[in-house]
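Participant: Structure supplied as input.cif; contents: mmCIF, C-alpha atoms and all ligand atoms.
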data_structure
#
loop_
_atom_site.label_atom_id
_atom_site.label_comp_id
_atom_site.auth_asym_id
_atom_site.auth_seq_id
_atom_site.Cartn_x
_atom_site.Cartn_y
_atom_site.Cartn_z
CA MET A 165 67.20 -19.27 -75.67
CA ARG A 166 70.98 -19.64 -75.66
CA ILE A 167 72.72 -16.43 -76.67
CA VAL A 168 76.44 -15.91 -77.24
CA VAL A 169 77.70 -12.31 -77.17
CA LEU A 170 81.23 -11.23 -78.10
CA ALA A 171 81.95 -8.24 -75.90
CA GLY A 172 84.50 -5.50 -75.40
CA GLY A 173 84.21 -3.13 -72.45
CA ILE A 174 81.73 -0.29 -72.14
CA GLY A 175 79.76 -0.84 -75.37
CA GLY A 176 79.51 -4.56 -74.73
CA ALA A 177 78.65 -4.24 -71.05
CA ARG A 178 75.90 -1.67 -71.53
CA PHE A 179 74.39 -3.71 -74.33
CA LEU A 180 74.39 -6.80 -72.13
CA ARG A 181 72.46 -4.97 -69.45
CA GLY A 182 69.77 -4.20 -72.03
CA LEU A 183 69.82 -7.75 -73.37
CA LYS A 184 69.26 -9.16 -69.88
CA GLN A 185 66.28 -6.86 -69.41
CA ALA A 186 64.84 -7.81 -72.81
CA GLU A 187 65.37 -11.58 -72.31
CA PRO A 188 65.51 -12.26 -68.57
CA ASP A 189 65.27 -16.03 -69.04
CA ALA A 190 67.95 -16.34 -71.70
CA ASP A 191 71.09 -18.36 -71.07
CA ILE A 192 73.78 -15.84 -72.01
CA THR A 193 77.46 -16.64 -72.56
CA VAL A 194 79.71 -13.63 -72.95
CA VAL A 195 83.01 -14.16 -74.74
CA GLY A 196 85.08 -11.30 -73.37
CA ASN A 197 87.94 -9.48 -75.05
CA THR A 198 91.24 -9.94 -73.23
CA ALA A 199 93.52 -8.28 -75.78
CA ASP A 200 93.22 -4.99 -73.82
CA ASP A 201 94.79 -6.71 -70.80
CA ILE A 202 97.87 -5.14 -69.33
CA HIS A 203 100.35 -5.93 -66.56
CA LEU A 204 100.77 -3.02 -64.16
CA PHE A 205 102.64 -2.99 -60.84
CA GLY A 206 103.07 -6.75 -61.17
CA LEU A 207 99.32 -7.21 -61.48
CA LYS A 208 97.25 -8.62 -64.32
CA VAL A 209 94.55 -6.12 -65.26
CA CYS A 210 91.67 -7.20 -67.53
CA PRO A 211 89.74 -3.99 -68.25
CA ASP A 212 87.07 -5.41 -70.56
CA LEU A 213 86.24 -8.46 -68.43
CA ASP A 214 86.02 -6.21 -65.37
CA THR A 215 83.83 -3.65 -67.10
CA VAL A 216 81.35 -6.40 -67.98
CA MET A 217 81.55 -7.91 -64.49
CA TYR A 218 81.16 -4.62 -62.64
CA THR A 219 78.42 -3.30 -64.96
CA LEU A 220 76.26 -6.41 -64.70
CA GLY A 221 77.12 -6.92 -61.03
CA GLY A 222 76.16 -3.40 -59.97
CA GLY A 223 79.64 -2.16 -59.06
CA ILE A 224 80.43 0.05 -62.04
CA HIS A 225 81.12 3.78 -61.94
CA GLU A 226 78.07 4.63 -64.05
CA ALA A 227 79.07 8.02 -65.43
CA GLN A 228 82.60 6.94 -66.30
CA GLY A 229 81.56 3.54 -67.69
CA TRP A 230 84.65 1.75 -66.30
CA GLY A 231 86.12 1.24 -62.85
CA ARG A 232 84.33 1.00 -59.51
CA ALA A 233 81.69 3.29 -58.02
CA ASP A 234 82.70 5.12 -54.83
CA GLU A 235 86.35 4.69 -55.70
CA THR A 236 89.37 6.16 -53.89
CA PHE A 237 92.96 6.38 -55.16
CA THR A 238 95.17 6.05 -52.08
CA VAL A 239 97.29 3.19 -53.42
CA LYS A 240 97.92 5.04 -56.67
CA GLU A 241 98.98 8.18 -54.76
CA GLU A 242 101.31 6.17 -52.56
CA LEU A 243 102.87 4.51 -55.61
CA ALA A 244 103.36 7.94 -57.17
CA ALA A 245 105.05 9.14 -53.96
CA TYR A 246 107.59 6.35 -54.54
CA GLY A 247 107.97 7.55 -58.12
CA VAL A 248 106.43 4.32 -59.35
CA GLY A 249 104.27 4.63 -62.45
CA PRO A 250 102.58 4.56 -64.81
CA GLY A 251 100.39 7.35 -63.50
CA TRP A 252 98.30 7.54 -66.66
CA PHE A 253 96.30 4.39 -65.98
CA GLY A 254 93.53 4.93 -63.44
CA LEU A 255 93.54 2.11 -60.89
CA GLY A 256 91.46 2.76 -57.79
CA ASP A 257 91.75 1.07 -54.44
CA ARG A 258 88.65 -1.10 -54.84
CA ASP A 259 89.70 -2.06 -58.35
CA PHE A 260 93.19 -2.98 -57.10
CA ALA A 261 91.66 -5.72 -54.96
CA THR A 262 90.22 -7.41 -58.08
CA HIS A 263 93.63 -7.38 -59.78
CA ILE A 264 95.37 -8.68 -56.65
CA VAL A 265 92.95 -11.61 -56.36
CA ARG A 266 93.28 -12.36 -60.07
CA THR A 267 97.08 -12.21 -60.05
CA GLN A 268 97.29 -14.35 -56.93
CA MET A 269 95.07 -17.05 -58.48
CA LEU A 270 96.97 -16.96 -61.79
CA GLY A 271 100.20 -17.32 -59.79
CA ALA A 272 98.72 -20.37 -58.07
CA GLY A 273 98.21 -21.93 -61.49
CA TYR A 274 94.55 -21.30 -62.27
CA PRO A 275 93.76 -20.35 -65.88
CA LEU A 276 92.17 -16.95 -66.48
CA SER A 277 88.82 -18.58 -67.29
CA ALA A 278 88.70 -20.21 -63.84
CA VAL A 279 89.82 -16.97 -62.19
CA THR A 280 87.11 -15.03 -64.00
CA GLU A 281 84.52 -17.54 -62.82
CA ALA A 282 85.76 -17.12 -59.25
CA LEU A 283 85.57 -13.32 -59.46
CA CYS A 284 82.05 -13.63 -60.86
CA ASP A 285 81.04 -15.67 -57.80
CA ARG A 286 81.12 -12.37 -55.99
CA TRP A 287 79.58 -10.18 -58.71
CA ARG A 288 76.89 -12.54 -59.98
CA PRO A 289 76.63 -10.85 -63.39
CA GLY A 290 73.77 -13.15 -64.46
CA VAL A 291 75.68 -14.28 -67.54
CA ARG A 292 78.48 -16.76 -68.02
CA LEU A 293 81.54 -14.60 -68.61
CA VAL A 294 84.37 -16.42 -70.40
CA PRO A 295 87.59 -14.80 -71.60
CA MET A 296 88.23 -15.35 -75.32
CA THR A 297 91.40 -17.24 -74.38
CA ASP A 298 93.45 -18.26 -71.36
CA ASP A 299 96.59 -17.36 -73.30
CA ARG A 300 98.28 -14.00 -73.29
CA VAL A 301 97.20 -11.72 -76.15
CA GLU A 302 97.97 -7.99 -76.20
CA THR A 303 96.91 -5.51 -78.81
CA HIS A 304 99.77 -3.28 -79.88
CA VAL A 305 99.37 -0.17 -81.99
CA ALA A 306 102.05 1.09 -84.37
CA VAL A 307 102.42 4.87 -84.17
CA GLU A 308 104.90 7.53 -85.16
CA LEU A 309 106.20 9.48 -82.17
CA ASP A 310 108.84 12.19 -82.50
CA GLY A 311 109.55 11.05 -86.05
CA GLU A 312 110.11 7.44 -85.00
CA ARG A 313 107.85 4.50 -85.69
CA ARG A 314 107.21 2.33 -82.66
CA ALA A 315 104.64 -0.01 -81.21
CA VAL A 316 102.81 0.85 -78.01
CA HIS A 317 100.42 -1.20 -75.92
CA PHE A 318 96.80 -0.47 -76.80
CA GLN A 319 96.22 1.07 -73.36
CA GLU A 320 99.16 3.40 -73.90
CA TYR A 321 97.68 4.43 -77.24
CA TRP A 322 94.23 5.00 -75.86
CA VAL A 323 94.74 6.15 -72.27
CA ARG A 324 98.15 7.88 -72.33
CA LEU A 325 98.19 9.22 -75.90
CA ARG A 326 94.38 9.67 -76.03
CA ALA A 327 94.52 8.36 -79.61
CA SER A 328 95.95 11.75 -80.58
CA VAL A 329 98.22 10.32 -83.30
CA PRO A 330 97.13 8.07 -86.18
CA ALA A 331 97.16 4.30 -85.58
CA LEU A 332 99.33 2.96 -88.42
CA ALA A 333 98.70 -0.70 -87.62
CA VAL A 334 96.86 -2.68 -84.96
CA VAL A 335 98.18 -6.13 -84.04
CA PRO A 336 96.72 -8.54 -81.46
CA VAL A 337 100.13 -9.89 -80.45
CA GLY A 338 99.94 -13.55 -79.46
CA ALA A 339 96.52 -14.16 -80.98
CA GLU A 340 97.82 -16.54 -83.65
CA GLN A 341 99.20 -18.90 -81.00
CA ALA A 342 96.22 -18.54 -78.67
CA LYS A 343 93.54 -21.16 -78.13
CA PRO A 344 89.92 -20.36 -77.35
CA ALA A 345 89.26 -20.67 -73.61
CA PRO A 346 87.36 -23.75 -72.45
CA GLY A 347 83.68 -23.33 -73.17
CA VAL A 348 83.97 -20.76 -75.96
CA LEU A 349 83.60 -23.08 -78.95
CA GLU A 350 81.08 -25.23 -77.09
CA ALA A 351 78.89 -22.19 -76.36
CA ILE A 352 79.02 -21.11 -80.01
CA ALA A 353 78.14 -24.62 -81.19
CA GLU A 354 75.13 -24.76 -78.86
CA ALA A 355 73.92 -21.18 -79.41
CA ASP A 356 70.54 -20.22 -80.84
CA VAL A 357 71.88 -16.80 -81.76
CA VAL A 358 75.24 -14.99 -81.75
CA LEU A 359 75.26 -11.23 -81.18
CA PHE A 360 77.96 -8.64 -81.81
CA PRO A 361 77.06 -5.71 -79.54
CA PRO A 362 78.14 -2.19 -80.52
CA SER A 363 81.69 -3.00 -79.42
CA ASN A 364 84.85 -1.84 -81.14
CA PRO A 365 85.08 -3.84 -84.42
CA VAL A 366 88.89 -3.89 -84.42
CA VAL A 367 90.31 -3.96 -80.90
CA SER A 368 87.36 -5.68 -79.17
CA ILE A 369 85.41 -7.95 -81.55
CA GLY A 370 88.30 -8.07 -84.04
CA ALA A 371 90.66 -9.31 -81.33
CA ILE A 372 88.22 -12.03 -80.23
CA LEU A 373 87.78 -13.17 -83.85
CA ALA A 374 91.58 -13.26 -84.24
CA VAL A 375 91.85 -16.22 -81.86
CA PRO A 376 92.08 -19.17 -84.27
CA GLY A 377 88.90 -21.20 -84.26
CA ILE A 378 86.47 -18.55 -83.00
CA ARG A 379 85.72 -16.82 -86.31
CA GLU A 380 85.45 -20.21 -88.05
CA ALA A 381 83.12 -21.57 -85.36
CA ILE A 382 80.80 -18.57 -85.72
CA ALA A 383 80.86 -18.59 -89.52
CA ASP A 384 80.27 -22.35 -89.70
CA ALA A 385 77.63 -22.58 -86.96
CA ASP A 386 74.15 -22.91 -88.36
CA VAL A 387 72.91 -20.03 -86.26
CA PRO A 388 71.94 -16.41 -86.97
CA VAL A 389 74.71 -13.88 -86.27
CA VAL A 390 73.49 -10.32 -85.78
CA GLY A 391 75.54 -7.20 -85.06
CA LEU A 392 74.73 -3.64 -83.94
CA SER A 393 76.72 -0.75 -85.32
CA PRO A 394 79.05 1.10 -82.94
CA ILE A 395 79.32 3.80 -85.60
CA VAL A 396 76.44 6.27 -85.72
CA GLY A 397 76.31 9.11 -88.22
CA GLY A 398 79.84 8.44 -89.45
CA ALA A 399 81.56 8.50 -86.05
CA PRO A 400 81.98 6.27 -83.01
CA VAL A 401 79.53 7.11 -80.24
CA ARG A 402 82.52 7.22 -77.91
CA GLY A 403 86.12 6.03 -78.05
CA MET A 404 88.60 5.72 -80.89
CA ALA A 405 87.03 3.17 -83.23
CA ASP A 406 87.54 5.60 -86.13
CA LYS A 407 91.33 5.59 -85.54
CA VAL A 408 91.70 1.83 -85.38
CA LEU A 409 89.27 1.29 -88.28
CA ALA A 410 91.45 3.58 -90.40
CA ALA A 411 94.45 1.41 -89.48
CA VAL A 412 92.75 -1.62 -91.03
CA GLY A 413 91.53 0.36 -94.05
CA VAL A 414 87.87 0.58 -93.07
CA GLU A 415 85.84 3.77 -93.23
CA SER A 416 84.02 4.89 -90.10
CA THR A 417 80.51 4.27 -91.33
CA ALA A 418 77.86 1.79 -90.24
CA GLU A 419 77.89 0.34 -93.75
CA ALA A 420 81.67 -0.12 -93.98
CA VAL A 421 81.79 -1.93 -90.63
CA ALA A 422 79.06 -4.33 -91.80
CA LEU A 423 80.99 -5.07 -95.00
CA HIS A 424 84.19 -5.45 -92.99
CA TYR A 425 82.57 -8.31 -91.05
CA GLY A 426 81.01 -9.50 -94.29
CA SER A 427 78.13 -11.80 -95.17
CA GLY A 428 80.38 -14.81 -94.53
CA LEU A 429 80.31 -13.93 -90.85
CA ILE A 430 77.18 -11.90 -90.05
CA ASP A 431 73.64 -12.47 -91.25
CA GLY A 432 72.05 -9.33 -89.84
CA TRP A 433 73.10 -5.78 -89.02
CA LEU A 434 71.36 -2.97 -87.19
CA VAL A 435 72.24 0.63 -88.00
CA ASP A 436 70.95 3.74 -86.26
CA GLU A 437 68.01 5.61 -87.77
CA VAL A 438 70.33 8.42 -88.85
CA ASP A 439 72.12 5.84 -91.03
CA GLU A 440 68.97 4.61 -92.77
CA ALA A 441 70.62 5.39 -96.13
CA ALA A 442 73.13 2.57 -95.47
CA VAL A 443 70.43 -0.12 -95.45
CA PRO A 444 70.27 -0.85 -99.22
CA ALA A 445 74.05 -1.26 -99.62
CA VAL A 446 74.28 -3.60 -96.63
CA THR A 447 71.28 -5.57 -97.91
CA ASP A 448 72.86 -5.82 -101.37
CA ALA A 449 75.93 -7.34 -99.73
CA GLY A 450 73.74 -10.20 -98.50
CA ILE A 451 73.27 -8.97 -94.93
CA ARG A 452 69.77 -8.33 -93.58
CA CYS A 453 69.72 -4.76 -92.35
CA ARG A 454 67.34 -2.50 -90.38
CA ALA A 455 67.57 1.05 -89.11
CA VAL A 456 66.45 1.45 -85.47
CA PRO A 457 67.46 3.81 -82.64
CA LEU A 458 70.89 2.62 -81.49
CA MET A 459 71.78 5.06 -78.72
CA MET A 460 72.10 3.31 -75.36
CA ARG A 461 70.66 6.25 -73.42
CA ASP A 462 69.30 4.07 -70.65
CA THR A 463 68.56 0.41 -70.02
CA ASP A 464 65.07 0.60 -71.55
CA ALA A 465 66.40 2.04 -74.82
CA THR A 466 69.15 -0.58 -74.82
CA ALA A 467 66.65 -3.38 -74.17
CA ARG A 468 64.72 -2.24 -77.26
CA MET A 469 67.95 -2.47 -79.28
CA ALA A 470 68.56 -6.00 -78.00
CA ALA A 471 64.98 -6.98 -78.81
CA ALA A 472 65.40 -5.60 -82.34
CA ALA A 473 68.59 -7.65 -82.78
CA LEU A 474 66.80 -10.83 -81.65
CA GLU A 475 63.89 -10.06 -83.96
CA LEU A 476 66.29 -9.73 -86.88
CA ALA A 477 67.88 -13.04 -85.87
CA GLN A 478 64.40 -14.59 -85.93
CA GLU A 479 63.86 -13.32 -89.48
CA VAL A 480 67.20 -14.75 -90.55
CA ARG A 481 66.25 -18.11 -89.04
CA ALA A 482 62.90 -18.07 -90.84
P1 LIG B 1 85.50 -0.48 -74.77
O1 LIG B 1 86.30 -1.77 -74.68
O2 LIG B 1 85.23 0.11 -73.43
O3 LIG B 1 86.03 0.46 -75.77
O4 LIG B 1 84.07 -0.92 -75.26
P2 LIG B 1 83.55 -1.73 -76.51
O5 LIG B 1 84.60 -2.16 -77.43
O6 LIG B 1 82.61 -2.76 -75.99
O7 LIG B 1 82.64 -0.64 -77.18
C1 LIG B 1 83.15 0.55 -77.70
C2 LIG B 1 82.23 1.00 -78.81
O8 LIG B 1 80.92 1.19 -78.28
C3 LIG B 1 82.65 2.32 -79.41
O9 LIG B 1 83.09 2.10 -80.73
C4 LIG B 1 81.38 3.17 -79.37
O10 LIG B 1 81.14 3.85 -80.58
C5 LIG B 1 80.30 2.17 -79.07
N1 LIG B 1 79.20 2.74 -78.30
C6 LIG B 1 79.26 3.28 -77.07
N2 LIG B 1 78.04 3.74 -76.70
C7 LIG B 1 77.18 3.47 -77.73
C8 LIG B 1 75.80 3.70 -77.98
O11 LIG B 1 75.07 4.23 -77.15
N3 LIG B 1 75.29 3.28 -79.18
C9 LIG B 1 76.07 2.67 -80.13
N4 LIG B 1 75.50 2.30 -81.27
N5 LIG B 1 77.38 2.46 -79.93
C10 LIG B 1 77.93 2.84 -78.76
CA CA B 2 88.36 -2.42 -74.34
#
What does the file become when written as structure tokens?
Facilitator:
Amino acid sequence: MRIVVLAGGIGGARFLRGLKQAEPDADITVVGNTADDIHLFGLKVCPDLDTVMYTLGGGIHEAQGWGRADETFTVKEELAAYGVGPGWFGLGDRDFATHIVRTQMLGAGYPLSAVTEALCDRWRPGVRLVPMTDDRVETHVAVELDGERRAVHFQEYWVRLRASVPALAVVPVGAEQAKPAPGVLEAIAEADVVLFPPSNPVVSIGAILAVPGIREAIADADVPVVGLSPIVGGAPVRGMADKVLAAVGVESTAEAVALHYGSGLIDGWLVDEVDEAAVPAVTDAGIRCRAVPLMMRDTDATARMAAAALELAQEVRA
């Protein structure tokens, strides 16, 4: 079975771990979000690609969900001693090495997709991890700070400001000019099923779909597309999806996110059991819908979620 998964960071990575357990023989291509990427200290940092790579490769800081296990912060402290920031973005020593290798290879002329493949040679994530694009895309968030409207990088909104002010608009800057990375459209065309894990519908999956050609390829492919709700009981399980959903005029409910994707894009949608009441409205909108436990408490629970998504895809196909 060939499975394509559009993934953000933590939600996507944890789901993928469950999917691999549920379908160990599947051929999985992960289209990773790169709109969260940021340049820091002259280095190209790709938080979502790295979260997937470290999680599936066994190097993730489990409790935190991002960054490396057994991390130290000597480089960051030394930079701070020089007065060189930003100090609000947590880059550990082990993590720095990844960004140095990546930046060095990009500087030598390799596209991000080739660099990602090279990094995965070490981590062996057991999936093919492809960035959504080799081009530069950066999500910016419009906010009002001290009475002035300005745009900040998504990481500044999320990590520095802790999403403490409303997001007035969310723009994946550069997406319109970006091209899907090599292999993305091919993987979609050859897929038996496309899955949207419980990743952020705006800044993760929304950014991937904003690369011209990707949304169209998924909508036009004759293949079941099934998503899992990142919203449970009217709130994100973690993170700021509610803030960025509000910016695009979507309520933070499992039902509203399904309708936001729409029946033109997704064929099936899983909501958590606590959102069982959403099932009829989603079904009425032409999207097959089931309520199942959607909390990724551990890999076994997550594998059951993945199996439920594949079962729903099977029903769509039939
Ligand atoms: P990020 O890039 O690290 O923010 O990760 P993603 O975009 O892949 O996923 C973030 C989304 O995952 C958030 O909107 C969360 O609500 C959702 N999420 C995290 N843990 C769980 C879980 O256990 N169950 C469900 N249903 N959603 C989750
Ligand atoms: Ca992210």
Participant: Write out as an NGL selection string each polymer residue whose atoms come within 9 Å of Phe237 (chain A), counting all atoms listed in the file; drop sequence neighbours fewer than 6 positions from it.
Facilitator: :A and (254-258)
Participant: So, with all atoms listed in the file as the atoms that count, which of A:Ala199, A:Val239, A:Ile264, A:Met165 lies closest to ligand CA 2 (chain B)?
Facilitator: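 Among the listed residues, the smallest separation from ligand CA 2 (chain B) belongs to A:Ala199.
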Participant: Can you work out which one of A:Ile372, A:Leu309, A:Val216, A:Ala351 has the shortest atom-to-atom distance to Asn197 (chain A), counting all atoms listed in the file?
Facilitator: A:Ile372
Participant: Using all atoms listed in the file, find each residue in chain A having at least one atom no more than 9 Å away from ligand LIG 1 (chain B); report its shortest atom-to-atom pair and that distance in Å (one decimal), rows by chain then rising number, as a Markdown table.
Facilitator:
| residue | atom | partner | partner_atom | distance |
| --- | --- | --- | --- | --- |
| A:Leu170 | CA | B:LIG1 | O6 | 8.8 |
| A:Ala171 | CA | B:LIG1 | O6 | 5.5 |
| A:Gly172 | CA | B:LIG1 | O6 | 3.4 |
| A:Gly173 | CA | B:LIG1 | O1 | 3.3 |
| A:Ile174 | CA | B:LIG1 | O2 | 3.8 |
| A:Gly175 | CA | B:LIG1 | O7 | 3.4 |
| A:Gly176 | CA | B:LIG1 | O6 | 3.8 |
| A:Ala177 | CA | B:LIG1 | O6 | 6.5 |
| A:Arg178 | CA | B:LIG1 | N2 | 7.8 |
| A:Phe179 | CA | B:LIG1 | C8 | 8.4 |
| A:Asn197 | CA | B:LIG1 | O1 | 7.9 |
| A:Asp200 | CA | B:LIG1 | O1 | 7.7 |
| A:Pro211 | CA | B:LIG1 | O1 | 7.6 |
| A:Asp212 | CA | B:LIG1 | O1 | 5.6 |
| A:Thr215 | CA | B:LIG1 | O2 | 7.5 |
| A:Val216 | CA | B:LIG1 | O6 | 8.9 |
| A:Gly229 | CA | B:LIG1 | O2 | 7.6 |
| A:Trp230 | CA | B:LIG1 | O2 | 7.3 |
| A:Pro361 | CA | B:LIG1 | O6 | 7.2 |
| A:Pro362 | CA | B:LIG1 | N5 | 4.7 |
| A:Ser363 | CA | B:LIG1 | O7 | 3.4 |
| A:Asn364 | CA | B:LIG1 | O5 | 3.7 |
| A:Pro365 | CA | B:LIG1 | O5 | 7.2 |
| A:Val366 | CA | B:LIG1 | O5 | 8.4 |
| A:Val367 | CA | B:LIG1 | O5 | 6.9 |
| A:Ser368 | CA | B:LIG1 | O5 | 4.8 |
| A:Ile369 | CA | B:LIG1 | O5 | 7.2 |
| A:Leu392 | CA | B:LIG1 | N4 | 6.6 |
| A:Ser393 | CA | B:LIG1 | N4 | 5.2 |
| A:Pro394 | CA | B:LIG1 | N5 | 3.7 |
| A:Ile395 | CA | B:LIG1 | O10 | 5.3 |
| A:Val396 | CA | B:LIG1 | N4 | 6.0 |
| A:Ala399 | CA | B:LIG1 | O10 | 7.2 |
| A:Pro400 | CA | B:LIG1 | O10 | 3.5 |
| A:Val401 | CA | B:LIG1 | O10 | 3.7 |
| A:Arg402 | CA | B:LIG1 | C4 | 4.5 |
| A:Gly403 | CA | B:LIG1 | C3 | 5.3 |
| A:Met404 | CA | B:LIG1 | O9 | 6.6 |
| A:Ala405 | CA | B:LIG1 | O9 | 4.8 |
| A:Asp406 | CA | B:LIG1 | O9 | 7.8 |
| A:Leu434 | CA | B:LIG1 | N4 | 8.9 |
| A:Val435 | CA | B:LIG1 | N4 | 7.7 |
| A:Asp436 | CA | B:LIG1 | N4 | 6.9 |
| A:Pro457 | CA | B:LIG1 | N4 | 8.3 |
| A:Leu458 | CA | B:LIG1 | N4 | 4.6 |
| A:Met459 | CA | B:LIG1 | O11 | 3.7 |
| A:Met460 | CA | B:LIG1 | O11 | 3.6 |
| A:Arg461 | CA | B:LIG1 | O11 | 6.1 |
| A:Asp462 | CA | B:LIG1 | O11 | 8.7 |
| A:Thr466 | CA | B:LIG1 | O11 | 8.0 |
Participant: Rank nothing, just name the residue among A:Val248, A:Cys453, A:Ile202, A:Ala233 nearest to ligand CA 2 (chain B), using all atoms listed in the file.
Facilitator: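 Selected residue with least distance to ligand CA 2 (chain B): A:Ile202.
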Participant: For ligand CA 2 (chain B), which residue among A:Leu332, A:Val294, A:Leu213, A:Ala272 is the nearest when counting all atoms listed in the file?
Facilitator: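 Selected residue with least distance to ligand CA 2 (chain B): A:Leu213.
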Participant: For ligand CA 2 (chain B), which of A:Thr303, A:Ser277, A:Thr238, A:Gln341 is the closest residue, counting only C-alpha atoms and all ligand atoms?
Facilitator: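 Closest candidate: A:Thr303.
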